[in-house]
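Trainee: Submitted below is the structure of interest, expressed as structure tokens.
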Amino acid sequence: MNCQVVQKKLIFFLEKELSGAEMKAVHEHLDICPNCVLFAQEMKATLSILDTDKNPEITPFFYTRVKAKLENQVEAENQVAHRPVLVRVLQPVAFSIILLFGIYGGIRLGNTSSSKSVNVVAEQELIPYWNDLDAEPIEIFLLD
Amino acid sequence: MPDTEIIEQLKQGNENAFRRLVENYQKLVVNTCYGMVRNREDAEDIAQDVFVEVYRNVDSFRADAKLSTWLYRIAVNRSLNHIRDNKKHKWFQSVESEVEAKNRQLLQLESSKVDQPEYDLENKQRAIILHGAINSLPENQKVAFTLSKYEELSYQEISEVMEMSVSSVESLLFRAKKNLQKKLHKCYKKKCM
């Protein structure tokens with residue numbers, strides 16, 4: 001067995017999951033290869049972290065906190081469920097009406113302003129041009 | 001009090017039965033969640049949600065199933081959801097430097113092992129590398145590996161929790177270990193361990 005093969009099987013060797021013959025071959029290689037031994041030691045030390053990692057201590061009052069969470073959830077749901085029907089129905093209806101009024105008001109406002117501008121133009125068109133000089137020439141005015 | 005009795009009483013809304021259930025299984029659930037998320041506070045938070053879900057859905061529990069299997073399944077699903085949510089959250093967050101994240105992890109390890117002086121810097125570094133390698137495994141492999149290593153479940157038990165065949169679990173664990181070895185070897189070559 002060469003280094004490459006051994007290093008590929010090392011995790012299974014450390015977990016003792018190789019067949020008898022393979023275990024023996026890896027053992028024999030490790031006896032003569034210091035580089036692979038180093039890697040095997042590192043690998044073993046790294047994997048042993050899993051054992052120290054297990055069973056984290058649980059903080060006290062775990063049940064109390066579970067119970068509080070459960071009660072909070074139930075309370076929140078009850079608040080939503082027990083809101084008066086009128087509020088639950090009327091609120092969206094009121095908002096819809098306000099929205100519709102807003103749209104209608106906007107449309108009306110738009111129409112009014114456009115019709116006003118047409119009127120202004122019409123008024124301007126109706127007023128006849130009045131020329132003072134035509135009505136009373138300057139000579140007559142001076143003579144008077 | 002046996003599990004069947006606890007479940008029966010829980011179905012009738014008995015609070016003492018719920019207390020008994022939490023006390024009997026809190027270690028199992030917190031440990032499973034911790035194996036998945038590797039953060040103590042998050043693991044306890046998820047574990048609380050697991051028990052709340054159990055309390056609310058106890059009527060849907062089949063009498064022929066094992067209570068522990070059901071708890072493992074909920075704990076794994078909740079933990080996976082938490083990891084997915086965190087990933088999304090991180091994606092939306094401004095880019096956090098890798099160094100900062102590693103420092104945070106180191107700090108967390110320090111605080112969790114502060115009473116163990118033998119837990120030296122070398123081991124902390126190893127723990128970060130190992131957790132990083134486990135976290136980078138595909139979801140299914142990670143679940144199988146965590147249940148096998150943290151909870152020491154048999155292939156049969158893991159297959160029941162994950163709802164797949166024993167041979168699939170074997171294959172998942174084989175690939176998980178192979179991937180871990182590859183990552184650790186790469187790290188060893190780069191002299192980071």
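Going by the structure tokens order, chains are called A, B, ..., each with residues numbered from 1, while ligands are numbered from 1 in the order shown.
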Could you list, as a ChimeraX atom specification, every residue of chain A that has an atom within 10 Å of an atom of chain B, counting only C-alpha atoms?

Mentor: /A:7-12,15,38-40,42-43,45-59,62-71,73

Trainee: Running DSSP on the backbone, which parts of chain A land in alpha helix (DSSP H), as an NGL selection string?

Mentor: :A and (3-14 or 20-32 or 34-47 or 49-53 or 62-81 or 85-126 or 132-135 or 138-143)

Trainee: With only C-alpha atoms as the counted atoms, please give the residues lying no more than 12 Å from A:Ile32, apart from itself and same-chain residues fewer than 6 positions off, as a PyMOL selection string.

Mentor: chain A and resi 1-3+25-26+38

Trainee: Write to file, as a PDB file, in the first residue's frame, the residues of the selection just made, with C-alpha atoms.

Mentor:
```
ATOM      1  CA  MET A   1       0.000   0.000   0.000  1.00  0.00           C
ATOM      2  CA  ASN A   2       1.370   3.434  -0.887  1.00  0.00           C
ATOM      3  CA  CYS A   3       0.837   6.758   0.940  1.00  0.00           C
ATOM      4  CA  ALA A  25      -1.855  -3.384   5.319  1.00  0.00           C
ATOM      5  CA  VAL A  26      -2.463   0.134   6.683  1.00  0.00           C
ATOM      6  CA  LEU A  38       1.766  12.318  11.427  1.00  0.00           C
TER       7      LEU A  38
END
```
